[in-house]
Amino acid sequence: MQHKNSNMPSFELHAIECGEDLLCINNDAPHRNNCFKIVWITAGSGTCQVDLEQMELTPNLVYCITPGQLHHFKANDDARGYVLTFSPDFLLIPDDTASLIFHANSLQKNAYTRVIKVNEEMQKEMLDMLHKMLKEYDNFFLLRSEILRGLLKIFLIYLTRQYEPSTANVVKPKTIDLVNKFFDIVEKKYMTHKLVSVYAEELCITPNHLNEIVKKASGFPASHHIRQRVLLEAKRQAAYSGASMKEIAYNLGFEDISHFSKFFKNLSGLNFTNYKKTAIQYARY
């Protein structure tokens, strides 16, 4: 069963209840979009490739995909579950603390991949939220968007409660908010700005303070995450775009191709040419 409404801005919800419903999750090739995607597999199996990381689809795991990520789902015919897609504008993500699960870098080294195991105690509440969203999504009652937005926020809070690691107990909410704002800015400016001082200035704090709070929340300073974000995009383009090293270097703001080559090898441990050959073969899996 699929649920579609052209009047619903930047929000879609699909229930996977039979083989025909798999079209809403399965992709012919890795792709990216400007929305958040949440895939909850309640039964069955399959595979999920996010950037160059391949994972197995297993029951009661929730996969959280962020805007810009290259992803590729291949669910088997026995797969059942839900696919929820929404834009940052729909939920006003930058101002919402429930978006914590999507700020991957702020809590772990593993850049953007969010896989959350739903515990038995929370399954009933989360399924209830999804069923209410499905019912509301199929109707055209007054203030439908507001109700869906509220239900979605509750659903995200349930996810966040199950994800938050021990760092959430020692890092103050205001600090988490500041760190998340840092990652929002990095996502917008990493191609043109590589210095911590640029981000610190926009946040009205010193570079040392920014490095300190980001390291406390994630285990790594701000400078590390800026470099890793640039490297991630370089890997994406190397694997999927067909662009040359010179073109990718230019796209990422490097004027000197030798500087980019050294940057890539220092951070990835491989030279660009060898990495691209391996990545292209892997991406064709």
# chains A, B, ... in the order shown; residues from 1 in each chain; ligands from 1
$ residues_around --residues "Leu148 (chain A)" --least-positions-apart "3" --cutoff "10 Å" --atoms "only C-alpha atoms" --output "ChimeraX atom specification"
/A:8,11,90-91,129-130,132-137,143-145,151-154
$ residues_around --residues "region 74-89 of chain A" --least-positions-apart "2" --cutoff "8 Å" --atoms "only C-alpha atoms" --output "number ranges by chain"
A: 10-19, 22, 24-27, 34-48, 57, 72, 91-94
$ residues_around --residues "region 245-250 of chain A" --least-positions-apart "3" --cutoff "10 Å" --atoms "only C-alpha atoms" --output "ChimeraX atom specification"
/A:191,233-238,241-242,253-261,264,272-273,276
$ write_last_selection --atoms "N, CA and C atoms" --output "PDB file, in the first residue's frame"
ATOM      1  N   MET A 191      32.967  23.250   0.945  1.00  0.00           N
ATOM      2  CA  MET A 191      33.660  23.289  -0.341  1.00  0.00           C
ATOM      3  C   MET A 191      34.519  24.544  -0.495  1.00  0.00           C
ATOM      4  N   GLU A 233      33.032  13.949   0.436  1.00  0.00           N
ATOM      5  CA  GLU A 233      32.529  14.389  -0.865  1.00  0.00           C
ATOM      6  C   GLU A 233      33.486  13.998  -1.983  1.00  0.00           C
ATOM      7  N   ALA A 234      34.782  14.044  -1.695  1.00  0.00           N
ATOM      8  CA  ALA A 234      35.764  13.621  -2.691  1.00  0.00           C
ATOM      9  C   ALA A 234      35.565  12.148  -3.031  1.00  0.00           C
ATOM     10  N   LYS A 235      35.312  11.328  -2.030  1.00  0.00           N
ATOM     11  CA  LYS A 235      35.087   9.906  -2.259  1.00  0.00           C
ATOM     12  C   LYS A 235      33.798   9.682  -3.045  1.00  0.00           C
ATOM     13  N   ARG A 236      32.752  10.440  -2.694  1.00  0.00           N
ATOM     14  CA  ARG A 236      31.490  10.307  -3.418  1.00  0.00           C
ATOM     15  C   ARG A 236      31.683  10.600  -4.898  1.00  0.00           C
ATOM     16  N   GLN A 237      32.342  11.715  -5.180  1.00  0.00           N
ATOM     17  CA  GLN A 237      32.520  12.107  -6.573  1.00  0.00           C
ATOM     18  C   GLN A 237      33.451  11.152  -7.309  1.00  0.00           C
ATOM     19  N   ALA A 238      34.435  10.625  -6.606  1.00  0.00           N
ATOM     20  CA  ALA A 238      35.354   9.670  -7.227  1.00  0.00           C
ATOM     21  C   ALA A 238      34.619   8.393  -7.621  1.00  0.00           C
ATOM     22  N   SER A 241      30.660  10.103  -9.834  1.00  0.00           N
ATOM     23  CA  SER A 241      30.457  11.202 -10.778  1.00  0.00           C
ATOM     24  C   SER A 241      31.156  11.013 -12.121  1.00  0.00           C
ATOM     25  N   GLY A 242      32.228  10.210 -12.147  1.00  0.00           N
ATOM     26  CA  GLY A 242      33.001  10.058 -13.364  1.00  0.00           C
ATOM     27  C   GLY A 242      33.950  11.223 -13.613  1.00  0.00           C
ATOM     28  N   GLY A 253      37.259  23.196  -4.063  1.00  0.00           N
ATOM     29  CA  GLY A 253      37.939  24.425  -3.669  1.00  0.00           C
ATOM     30  C   GLY A 253      39.447  24.351  -3.605  1.00  0.00           C
ATOM     31  N   PHE A 254      40.050  23.328  -4.203  1.00  0.00           N
ATOM     32  CA  PHE A 254      41.503  23.207  -4.223  1.00  0.00           C
ATOM     33  C   PHE A 254      42.038  23.812  -5.528  1.00  0.00           C
ATOM     34  N   GLU A 255      42.871  24.820  -5.414  1.00  0.00           N
ATOM     35  CA  GLU A 255      43.457  25.434  -6.598  1.00  0.00           C
ATOM     36  C   GLU A 255      44.644  24.638  -7.121  1.00  0.00           C
ATOM     37  N   ASP A 256      45.304  23.915  -6.229  1.00  0.00           N
ATOM     38  CA  ASP A 256      46.492  23.135  -6.580  1.00  0.00           C
ATOM     39  C   ASP A 256      46.144  21.649  -6.529  1.00  0.00           C
ATOM     40  N   ILE A 257      46.203  20.954  -7.659  1.00  0.00           N
ATOM     41  CA  ILE A 257      45.833  19.542  -7.704  1.00  0.00           C
ATOM     42  C   ILE A 257      46.774  18.686  -6.858  1.00  0.00           C
ATOM     43  N   SER A 258      48.041  19.089  -6.760  1.00  0.00           N
ATOM     44  CA  SER A 258      48.989  18.323  -5.941  1.00  0.00           C
ATOM     45  C   SER A 258      48.637  18.441  -4.464  1.00  0.00           C
ATOM     46  N   HIS A 259      48.121  19.600  -4.076  1.00  0.00           N
ATOM     47  CA  HIS A 259      47.676  19.790  -2.693  1.00  0.00           C
ATOM     48  C   HIS A 259      46.498  18.873  -2.391  1.00  0.00           C
ATOM     49  N   PHE A 260      45.562  18.786  -3.334  1.00  0.00           N
ATOM     50  CA  PHE A 260      44.412  17.895  -3.155  1.00  0.00           C
ATOM     51  C   PHE A 260      44.862  16.440  -3.089  1.00  0.00           C
ATOM     52  N   SER A 261      45.789  16.058  -3.961  1.00  0.00           N
ATOM     53  CA  SER A 261      46.283  14.685  -3.981  1.00  0.00           C
ATOM     54  C   SER A 261      46.912  14.312  -2.643  1.00  0.00           C
ATOM     55  N   PHE A 264      44.146  14.056   0.049  1.00  0.00           N
ATOM     56  CA  PHE A 264      43.375  12.822  -0.071  1.00  0.00           C
ATOM     57  C   PHE A 264      44.149  11.630   0.478  1.00  0.00           C
ATOM     58  N   PHE A 272      44.647   8.887  -4.840  1.00  0.00           N
ATOM     59  CA  PHE A 272      43.338   9.093  -5.440  1.00  0.00           C
ATOM     60  C   PHE A 272      43.051   8.095  -6.568  1.00  0.00           C
ATOM     61  N   THR A 273      44.018   7.860  -7.441  1.00  0.00           N
ATOM     62  CA  THR A 273      43.813   6.986  -8.598  1.00  0.00           C
ATOM     63  C   THR A 273      43.447   5.569  -8.174  1.00  0.00           C
ATOM     64  N   LYS A 276      39.935   5.502  -6.610  1.00  0.00           N
ATOM     65  CA  LYS A 276      38.856   5.632  -7.589  1.00  0.00           C
ATOM     66  C   LYS A 276      38.600   4.318  -8.304  1.00  0.00           C
TER      67      LYS A 276
END
$ atom_distance --atom1 "CA of Gln228 (chain A)" --atom2 "CA of Leu267 (chain A)"
7.8 Å
$ closest_residue --among "A:Ala29, A:Ile176, A:Ile185, A:Met122" --to "Glu201 (chain A)" --atoms "only C-alpha atoms"
A:Ile185
$ closest_residue --among "A:Leu156, A:Val50, A:Leu178, A:Val115" --to "Ala222 (chain A)" --atoms "only C-alpha atoms"
A:Leu178
$ atom_distance --atom1 "CA of His225 (chain A)" --atom2 "CA of Asn251 (chain A)"
18.6 Å
$ select_by_dssp --residues "region 32-281 of chain A" --states "strand (DSSP E or B)" --output "MDAnalysis selection string"
chainID A and resid 36:43 46:50 53:57 61:65 71:75 80:86 114:117
$ closest_residue --among "A:Gln69, A:Asn60, A:Thr175, A:Ala200" --to "Asn119 (chain A)" --atoms "only C-alpha atoms"
A:Asn60
$ atom_distance --atom1 "CA of Leu159 (chain A)" --atom2 "CA of Gln49 (chain A)"
21.0 Å
$ residues_around --residues "Lys265 (chain A)" --least-positions-apart "6" --cutoff "10 Å" --atoms "only C-alpha atoms" --output "PyMOL selection string"
chain A and resi 231+271-272+275
$ select_by_dssp --residues "region 24-236 of chain A" --states "alpha helix (DSSP H)" --output "VMD selection string"
chain A and resid 88 to 91 120 to 137 144 to 163 167 to 170 173 to 189 196 to 202 207 to 218 222 to 236
